[in-house]
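Enquirer: Input structure_6.txt, format and content: compact mmCIF, C-alpha atoms.
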```txt
# COMPACT_ATOMS: atom_id res chain seq x y z
CA MET A 1 10.27 -67.62 5.60
CA PRO A 2 13.36 -69.01 3.92
CA ALA A 3 13.21 -69.97 0.27
CA SER A 4 12.34 -73.58 -0.52
CA ARG A 5 16.03 -74.30 -1.12
CA THR A 6 18.85 -72.01 -0.12
CA ALA A 7 22.57 -72.03 -0.84
CA VAL A 8 25.39 -70.08 0.77
CA VAL A 9 28.41 -69.32 -1.41
CA TYR A 10 31.16 -68.16 0.92
CA ASN A 11 34.72 -66.92 0.56
CA PRO A 12 36.83 -68.78 3.16
CA SER A 13 39.39 -65.96 3.19
CA LYS A 14 36.68 -63.55 4.41
CA THR A 15 34.49 -65.63 6.70
CA LYS A 16 34.15 -69.06 8.31
CA ARG A 17 31.45 -71.57 7.54
CA GLU A 18 31.01 -72.16 11.27
CA ASP A 19 30.18 -68.48 11.86
CA LEU A 20 27.73 -68.45 8.98
CA ALA A 21 26.06 -71.67 10.20
CA ARG A 22 25.73 -70.16 13.67
CA ALA A 23 24.08 -67.04 12.25
CA TRP A 24 21.75 -69.20 10.15
CA ALA A 25 20.71 -71.26 13.16
CA GLY A 26 19.98 -68.09 15.11
CA VAL A 27 17.49 -66.73 12.57
CA SER A 28 16.06 -69.83 10.87
CA ALA A 29 14.40 -73.01 12.07
CA GLU A 30 15.01 -74.66 8.71
CA ALA A 31 17.70 -77.24 8.02
CA GLU A 32 21.11 -75.92 7.03
CA PRO A 33 21.49 -74.63 3.47
CA GLU A 34 23.60 -76.06 0.69
CA TRP A 35 27.20 -74.89 1.18
CA PHE A 36 29.52 -73.85 -1.66
CA GLU A 37 33.07 -72.56 -1.13
CA THR A 38 34.81 -70.18 -3.51
CA THR A 39 38.42 -70.62 -4.63
CA PRO A 40 41.01 -68.27 -6.14
CA GLU A 41 40.37 -69.97 -9.48
CA ASP A 42 36.57 -69.67 -9.18
CA PRO A 43 35.55 -66.70 -7.01
CA GLY A 44 31.83 -67.45 -7.22
CA GLN A 45 30.42 -67.87 -10.73
CA GLY A 46 30.77 -71.67 -10.72
CA PRO A 47 29.38 -72.21 -7.22
CA ALA A 48 26.43 -69.93 -8.00
CA ARG A 49 25.60 -71.87 -11.15
CA ALA A 50 25.97 -75.14 -9.26
CA ALA A 51 23.53 -73.88 -6.63
CA VAL A 52 20.97 -73.03 -9.30
CA GLU A 53 21.43 -76.44 -10.94
CA ALA A 54 20.84 -78.01 -7.52
CA GLY A 55 17.44 -76.31 -7.42
CA CYS A 56 18.22 -73.45 -5.02
CA ASP A 57 16.08 -70.35 -5.51
CA LEU A 58 18.02 -68.21 -3.02
CA VAL A 59 21.79 -67.95 -3.15
CA ILE A 60 23.50 -65.99 -0.37
CA ALA A 61 26.93 -64.53 -1.17
CA ALA A 62 29.07 -64.26 1.96
CA GLY A 63 32.28 -62.34 1.34
CA GLY A 64 33.55 -59.10 -0.12
CA ASP A 65 32.66 -57.19 -3.26
CA GLY A 66 34.51 -59.65 -5.48
CA THR A 67 32.49 -62.57 -4.16
CA VAL A 68 29.21 -60.69 -4.52
CA ARG A 69 30.03 -59.68 -8.09
CA ALA A 70 31.05 -63.21 -9.08
CA VAL A 71 27.94 -64.79 -7.56
CA ALA A 72 25.75 -62.14 -9.19
CA GLU A 73 27.34 -62.94 -12.55
CA GLY A 74 26.59 -66.62 -12.03
CA LEU A 75 22.94 -65.85 -11.21
CA ALA A 76 22.33 -63.38 -14.05
CA GLY A 77 19.30 -64.31 -16.10
CA THR A 78 18.09 -66.98 -13.67
CA ASP A 79 15.09 -66.92 -11.33
CA ALA A 80 17.26 -67.38 -8.22
CA ALA A 81 17.54 -64.42 -5.88
CA LEU A 82 20.82 -63.04 -4.52
CA GLY A 83 21.17 -62.43 -0.79
CA ILE A 84 24.25 -60.76 0.69
CA VAL A 85 26.12 -61.30 3.94
CA PRO A 86 28.80 -58.59 3.61
CA ARG A 87 32.20 -59.62 4.97
CA GLY A 88 34.52 -57.39 2.98
CA THR A 89 35.99 -53.89 3.10
CA GLY A 90 33.86 -51.85 0.70
CA ASN A 91 30.62 -53.89 0.68
CA LEU A 92 29.40 -51.59 -2.09
CA LEU A 93 26.26 -53.36 -3.29
CA ALA A 94 25.26 -54.15 0.29
CA ARG A 95 25.47 -50.42 1.11
CA ASN A 96 23.29 -49.48 -1.83
CA LEU A 97 20.70 -52.11 -0.91
CA GLY A 98 20.65 -51.18 2.79
CA VAL A 99 21.94 -54.56 3.95
CA PRO A 100 23.21 -54.51 7.58
CA LEU A 101 27.00 -54.27 7.45
CA LEU A 102 28.07 -54.85 11.05
CA SER A 103 25.85 -57.74 12.15
CA LEU A 104 26.20 -61.14 10.52
CA PRO A 105 22.88 -62.42 11.98
CA ALA A 106 21.05 -59.27 10.85
CA ALA A 107 22.37 -59.63 7.32
CA MET A 108 21.44 -63.32 7.28
CA ARG A 109 17.94 -62.52 8.55
CA ARG A 110 17.44 -59.95 5.81
CA ALA A 111 18.60 -62.39 3.13
CA LEU A 112 16.14 -65.01 4.37
CA THR A 113 13.07 -62.87 5.05
CA SER A 114 13.04 -59.80 2.80
CA GLU A 115 11.21 -59.54 -0.51
CA SER A 116 13.13 -59.94 -3.75
CA ARG A 117 13.42 -57.07 -6.20
CA SER A 118 14.81 -56.77 -9.70
CA MET A 119 17.96 -54.82 -10.46
CA ASP A 120 20.01 -54.09 -13.54
CA MET A 121 23.45 -55.54 -14.20
CA GLY A 122 26.29 -53.96 -16.11
CA TRP A 123 28.67 -55.72 -18.49
CA VAL A 124 32.12 -54.47 -19.40
CA GLU A 125 34.39 -55.65 -22.20
CA LEU A 126 38.02 -54.78 -21.47
CA THR A 127 40.62 -54.20 -24.17
CA ARG A 128 44.12 -55.21 -23.17
CA ALA A 129 47.39 -55.77 -24.98
CA GLY A 130 46.62 -59.50 -25.13
CA GLY A 131 43.01 -59.22 -26.31
CA THR A 132 39.57 -58.65 -24.81
CA GLU A 133 37.67 -60.09 -21.84
CA ARG A 134 34.11 -59.65 -20.57
CA HIS A 135 32.95 -59.25 -16.97
CA ALA A 136 29.73 -58.42 -15.14
CA PHE A 137 29.46 -55.63 -12.59
CA VAL A 138 26.74 -54.55 -10.18
CA VAL A 139 28.11 -51.28 -8.77
CA MET A 140 30.69 -49.48 -10.94
CA VAL A 141 33.68 -49.75 -13.23
CA GLY A 142 36.25 -47.26 -14.47
CA PHE A 143 39.74 -45.84 -14.46
CA GLY A 144 41.52 -42.95 -12.81
CA LEU A 145 41.65 -41.82 -9.22
CA ASP A 146 39.38 -44.57 -7.90
CA ALA A 147 41.22 -47.39 -9.69
CA GLN A 148 44.62 -45.87 -9.02
CA MET A 149 43.80 -45.61 -5.31
CA LEU A 150 42.90 -49.30 -5.29
CA ALA A 151 46.15 -50.16 -7.05
CA GLU A 152 48.13 -48.13 -4.52
CA THR A 153 46.41 -49.66 -1.47
CA ASP A 154 48.57 -52.02 0.56
CA ASP A 155 46.82 -55.39 0.88
CA ASP A 156 48.23 -56.11 4.36
CA LEU A 157 47.12 -52.70 5.63
CA LYS A 158 43.71 -53.20 4.01
CA SER A 159 43.23 -56.50 5.86
CA LYS A 160 44.12 -54.87 9.18
CA ALA A 161 42.65 -51.37 8.86
CA GLY A 162 39.71 -51.92 6.52
CA TRP A 163 38.58 -48.96 4.45
CA LEU A 164 40.97 -46.64 6.32
CA ALA A 165 43.75 -48.23 4.28
CA TYR A 166 42.40 -46.35 1.28
CA VAL A 167 43.19 -43.05 3.00
CA ALA A 168 46.89 -43.87 2.99
CA ALA A 169 46.66 -44.61 -0.72
CA MET A 170 44.81 -41.40 -1.62
CA GLY A 171 47.88 -39.17 -1.60
CA ARG A 172 49.82 -41.57 -3.81
CA ALA A 173 46.89 -41.88 -6.18
CA LEU A 174 46.48 -38.11 -6.45
CA SER A 175 50.13 -37.66 -7.29
CA SER A 176 50.12 -40.42 -9.92
CA SER A 177 46.76 -39.63 -11.57
CA SER A 178 47.25 -37.45 -14.65
CA VAL A 179 44.84 -36.10 -17.24
CA ILE A 180 44.85 -38.12 -20.47
CA ASP A 181 43.06 -37.92 -23.81
CA VAL A 182 39.94 -40.07 -23.97
CA ARG A 183 37.67 -40.77 -26.90
CA LEU A 184 34.16 -41.90 -25.98
CA ALA A 185 30.79 -42.58 -27.56
CA LEU A 186 27.59 -42.67 -25.47
CA ASP A 187 24.72 -44.68 -26.95
CA ASP A 188 24.21 -43.61 -30.58
CA GLU A 189 25.84 -40.20 -30.18
CA PRO A 190 28.93 -39.34 -32.26
CA ALA A 191 32.24 -40.12 -30.58
CA GLN A 192 33.89 -37.16 -28.86
CA SER A 193 37.33 -36.45 -27.44
CA VAL A 194 37.70 -35.28 -23.85
CA GLU A 195 40.44 -34.90 -21.28
CA ALA A 196 40.00 -36.81 -18.04
CA HIS A 197 41.95 -38.32 -15.18
CA THR A 198 38.93 -40.31 -13.94
CA LEU A 199 36.00 -41.90 -15.78
CA LEU A 200 33.55 -44.03 -13.83
CA VAL A 201 30.42 -45.83 -14.99
CA GLY A 202 27.96 -46.77 -12.27
CA ASN A 203 24.86 -48.86 -11.71
CA CYS A 204 24.62 -47.70 -8.07
CA GLY A 205 25.36 -44.34 -6.52
CA ALA A 206 26.85 -44.77 -3.04
CA ILE A 207 30.34 -45.75 -1.93
CA GLN A 208 32.10 -45.77 1.44
CA GLY A 209 31.81 -42.87 3.86
CA GLY A 210 28.32 -41.90 2.73
CA VAL A 211 29.67 -40.43 -0.53
CA THR A 212 27.34 -40.56 -3.53
CA LEU A 213 29.23 -40.49 -6.82
CA PHE A 214 26.16 -40.90 -9.04
CA PRO A 215 23.24 -38.89 -7.60
CA ASP A 216 20.83 -39.94 -10.35
CA ALA A 217 21.67 -43.66 -10.25
CA GLN A 218 18.89 -46.17 -9.67
CA LEU A 219 19.27 -49.92 -9.54
CA ASP A 220 16.37 -50.63 -11.85
CA ASP A 221 16.11 -47.75 -14.35
CA GLY A 222 17.81 -49.50 -17.27
CA LEU A 223 20.50 -46.81 -17.38
CA LEU A 224 24.16 -46.49 -16.46
CA ASP A 225 25.51 -43.28 -14.95
CA VAL A 226 28.76 -41.76 -16.17
CA LEU A 227 31.09 -39.44 -14.26
CA ILE A 228 34.00 -37.76 -16.06
CA MET A 229 36.46 -35.88 -13.87
CA SER A 230 39.24 -33.60 -15.11
CA ALA A 231 40.09 -31.57 -12.00
CA ALA A 232 43.74 -30.57 -12.22
CA GLY A 233 44.56 -27.82 -9.75
CA VAL A 234 43.48 -27.02 -6.20
CA GLY A 235 40.72 -24.73 -7.47
CA ASP A 236 39.22 -27.47 -9.66
CA TRP A 237 39.32 -29.99 -6.81
CA LEU A 238 37.60 -27.56 -4.44
CA GLU A 239 34.90 -26.89 -7.03
CA THR A 240 34.43 -30.62 -7.60
CA LEU A 241 34.23 -31.28 -3.85
CA ARG A 242 31.73 -28.45 -3.31
CA THR A 243 29.52 -29.72 -6.12
CA ALA A 244 29.61 -33.30 -4.83
CA MET A 245 28.89 -32.39 -1.21
CA TRP A 246 26.49 -29.43 -1.68
CA ASP A 247 24.76 -29.48 -5.07
CA ASN A 248 24.67 -33.26 -5.48
CA GLY A 249 24.50 -34.02 -1.77
CA ILE A 250 22.78 -31.68 0.69
CA LEU A 251 20.53 -29.87 -1.79
CA ARG A 252 19.19 -33.17 -3.12
CA LEU A 253 18.02 -34.08 0.38
CA PHE A 254 15.45 -31.28 0.00
CA ASP A 255 14.73 -31.74 -3.72
CA ARG A 256 14.64 -35.38 -4.83
CA GLU A 257 13.71 -34.35 -8.38
CA ARG A 258 16.90 -32.32 -8.75
CA SER A 259 19.23 -33.70 -11.44
CA ALA A 260 22.96 -34.18 -10.88
CA THR A 261 24.90 -30.94 -11.24
CA SER A 262 27.86 -30.95 -13.63
CA THR A 263 30.82 -28.59 -13.73
CA ASP A 264 33.73 -28.06 -16.10
CA SER A 265 35.79 -30.51 -14.03
CA ALA A 266 33.07 -33.07 -13.14
CA ARG A 267 30.50 -33.98 -15.78
CA HIS A 268 27.57 -36.36 -15.38
CA ALA A 269 25.70 -38.29 -18.07
CA GLN A 270 23.41 -41.29 -18.46
CA GLY A 271 23.02 -43.93 -21.13
CA GLN A 272 22.70 -47.60 -21.94
CA ARG A 273 26.03 -48.09 -23.72
CA LEU A 274 29.43 -46.43 -23.61
CA ARG A 275 32.57 -47.15 -25.63
CA VAL A 276 35.89 -45.66 -24.48
CA GLU A 277 39.35 -45.55 -26.05
CA LEU A 278 42.33 -44.41 -23.94
CA SER A 279 45.43 -42.66 -25.23
CA GLU A 280 47.54 -44.69 -22.81
CA PRO A 281 47.04 -47.78 -20.60
CA CYS A 282 45.34 -47.08 -17.27
CA ALA A 283 44.60 -49.11 -14.15
CA PHE A 284 40.98 -50.27 -14.14
CA GLU A 285 38.58 -51.31 -11.40
CA ILE A 286 35.45 -53.45 -11.34
CA ASP A 287 33.20 -53.18 -8.28
CA GLY A 288 36.03 -51.97 -6.06
CA GLU A 289 38.68 -54.43 -7.27
CA GLU A 290 41.69 -53.37 -9.32
CA VAL A 291 42.02 -55.66 -12.37
CA GLY A 292 45.10 -54.31 -14.16
CA GLU A 293 45.64 -51.93 -17.06
CA VAL A 294 43.39 -51.49 -20.07
CA THR A 295 43.61 -49.45 -23.28
CA GLY A 296 39.86 -49.26 -23.75
CA PHE A 297 36.53 -50.65 -22.64
CA ALA A 298 32.87 -50.89 -23.59
CA VAL A 299 30.00 -51.05 -21.10
CA SER A 300 26.34 -51.90 -21.47
CA VAL A 301 23.40 -52.46 -19.15
CA GLU A 302 21.17 -55.54 -18.93
CA ARG A 303 17.89 -54.44 -17.44
CA SER A 304 16.36 -56.53 -14.63
CA ALA A 305 19.04 -59.18 -15.06
CA LEU A 306 19.20 -60.02 -11.37
CA ARG A 307 16.90 -60.51 -8.40
CA VAL A 308 18.26 -59.27 -5.07
CA ARG A 309 17.17 -59.07 -1.43
```
Rewrite the structure of this file - the entire thing - as structure tokens.

Expert:
Amino acid sequence: MPASRTAVVYNPSKTKREDLARAWAGVSAEAEPEWFETTPEDPGQGPARAAVEAGCDLVIAAGGDGTVRAVAEGLAGTDAALGIVPRGTGNLLARNLGVPLLSLPAAMRRALTSESRSMDMGWVELTRAGGTERHAFVVMVGFGLDAQMLAETDDDLKSKAGWLAYVAAMGRALSSSSVIDVRLALDDEPAQSVEAHTLLVGNCGAIQGGVTLFPDAQLDDGLLDVLIMSAAGVGDWLETLRTAMWDNGILRLFDRERSATSTDSARHAQGQRLRVELSEPCAFEIDGEEVGEVTGFAVSVERSALRVR
């Protein structure tokens, strides 16, 4: 049964209220929910908080990864549950939760009828030339190939071709991603210097195409997963690909207790806090959205900060 009071926070650039209302009517006999629309100035935090203040105990985010992240940030630390109607390109959290991606009514039905569960939330403090800023994330953050690919992706092509637009950007990202010096400190360990072209910190493991970047990641373990990649030549890339697809992919299907395999060019770690200093500014991404260049960042995990369906 639907929650006692439900709100839908929707991104009008991704979906129409009329379509959402039609899906609601098809799966619920209850009166329509409270409706909140996002804006470019407020992508979801404000509407989510307003929904909680209005007494809603279920808030459905209808939009892409940016909308889901913003609504999740607005709900952090409250008793309200987050439901997801994925209407974006990556739909990363929806994938990790098993939310139906292709059927709006099916996603709405799940949001209204499934049991809530707790999940962790990550927080990242970015260091830029003009100062620092803090953001929540539910899937992953980082710099390198992933962020550079997002920066290289043509927005018009993305709107027309969906995730296939990222393929066109991959070649440009590979050519522009270079290994840099990185200084990092995990939890209470001494800081160390490494070389990397990609460093990602994840709360979830899966991304598009069935690829799992963080094989050990769990939504509710109180840990963040770290992936440091330094593959430079063809041989390194082939080794990294083999490890990701075979050791951390197929073999884990037969041995769930198997830990993530690391190589010289792709290293895995886990922790609750990570502080990173970059030798040069790099493009950065938060939950699949490129947010500009940073010179450093610090991440931490807030355990069981969010309830999701």

Enquirer: Would you mind reading off the distance between atom CA of Gly144 of chain A and atom CA of Ser178 of chain A, one decimal, in Å?

Expert: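 Between these atoms lies a distance of 8.2 Å.
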
Enquirer: Show me, as number ranges by chain, the residues that have an atom within 12 Å of Gln45 of chain A when counting only C-alpha atoms, minus same-chain residues fewer than 6 positions from it.

Expert: A: 9-10, 36-39, 51-52, 59, 61, 66-76, 135-136

Enquirer: Just checking: using all atoms listed in the file, which residue out of A:Cys204, A:Ala185, A:Leu101, A:Ile228 ends up closest to Arg273 of chain A?

Expert: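 Checking each of A:Cys204, A:Ala185, A:Leu101, A:Ile228 against Arg273 of chain A, counting all atoms listed in the file, the winner is A:Ala185.
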
Enquirer: Report the distance between atom CA of Gln208 of chain A and atom CA of Gln270 of chain A in Å, rounded to one decimal place.

Expert: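 Separation of atom CA of Gln208 of chain A and atom CA of Gln270 of chain A: 22.2 Å.
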
Enquirer: A:Leu93, A:Pro33, A:Gln272, A:Glu302: which is nearest Ala206 of chain A, counting only C-alpha atoms?

Expert: A:Leu93

Enquirer: Determine the nearest neighbour of Glu30 of chain A from the options A:Thr15, A:Ser114, A:Asn96, A:Ser4, counting all atoms listed in the file.

Expert: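 Residue with the minimum atom-to-atom distance to Glu30 of chain A: A:Ser4.
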
Enquirer: Could you check which of A:Arg22, A:Arg49, A:Arg275, A:Arg134 is closest to Met108 of chain A, using only C-alpha atoms?

Expert: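 Closest residue, counting only C-alpha atoms: A:Arg22.
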
Enquirer: Compare A:Asp187, A:Glu53, A:Asp79, A:Asp181 by their minimum atom-to-atom distance to Glu280 of chain A, counting all atoms listed in the file, and give me the closest one.

Expert: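 The answer is A:Asp181, which sits nearest to Glu280 of chain A.
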
Enquirer: Identify which of the residues A:Ile84, A:Ala31, A:Leu102, A:Met121 lies closest to Leu306 of chain A, counting only C-alpha atoms when measuring atom-to-atom distances.

Expert: A:Met121

Enquirer: Mind giving me the straight-line distance from atom CA of Glu293 of chain A to atom CA of Arg128 of chain A in Å, one decimal?

Expert: 7.1 Å

Enquirer: Can you tell me, as a PyMOL selection string, what residues are no more than 7 Å from Glu289 of chain A when counting all atoms listed in the file, ignoring any on the same chain fewer than 2 positions away?

Expert: chain A and resi 66+150+285-287+291

Enquirer: Do you know which residues are at most 6 Å from Met119 of chain A counting only C-alpha atoms, after dropping those on the same chain fewer than 6 positions away, and could you put them as an mmCIF file with C-alpha atoms, keeping the file's coordinate frame?

Expert:
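Output saved as result.cif:
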```cif
data_model
loop_
_atom_site.group_PDB
_atom_site.id
_atom_site.type_symbol
_atom_site.label_atom_id
_atom_site.label_comp_id
_atom_site.auth_asym_id
_atom_site.auth_seq_id
_atom_site.Cartn_x
_atom_site.Cartn_y
_atom_site.Cartn_z
ATOM 1 C CA LEU A 219 19.270 -49.920 -9.540
ATOM 2 C CA ASP A 220 16.370 -50.630 -11.850
ATOM 3 C CA SER A 304 16.360 -56.530 -14.630
ATOM 4 C CA LEU A 306 19.200 -60.020 -11.370
#
```

Enquirer: So which residues touch Val201 of chain A within 9 Å, counting all atoms listed in the file, skipping near sequence neighbours fewer than 2 positions away, as a list of chain:residue names?

Expert: A:Val139, A:Met140, A:Val141, A:Gly142, A:Leu199, A:Asn203, A:Phe214, A:Leu224, A:Asp225, A:Val226, A:Leu227, A:Ile228, A:Leu274, A:Val299

Enquirer: Excluding Gly64 of chain A and residues on its chain fewer than 5 positions from it, collect all residues at most 8 Å away from it, counting only C-alpha atoms, and give them as a PyMOL selection string.

Expert: chain A and resi 11+14+86-91

Enquirer: For segment 87-95 of chain A, I'd like the enclosing box, axis-aligned and padded by 6 Å on every side, reported as AutoDock Vina command-line options with centre and edge lengths in Å to one decimal.

Expert:
```
--center_x 30.6 --center_y -55.0 --center_z 0.8 --size_x 22.7 --size_y 21.2 --size_z 20.3
```
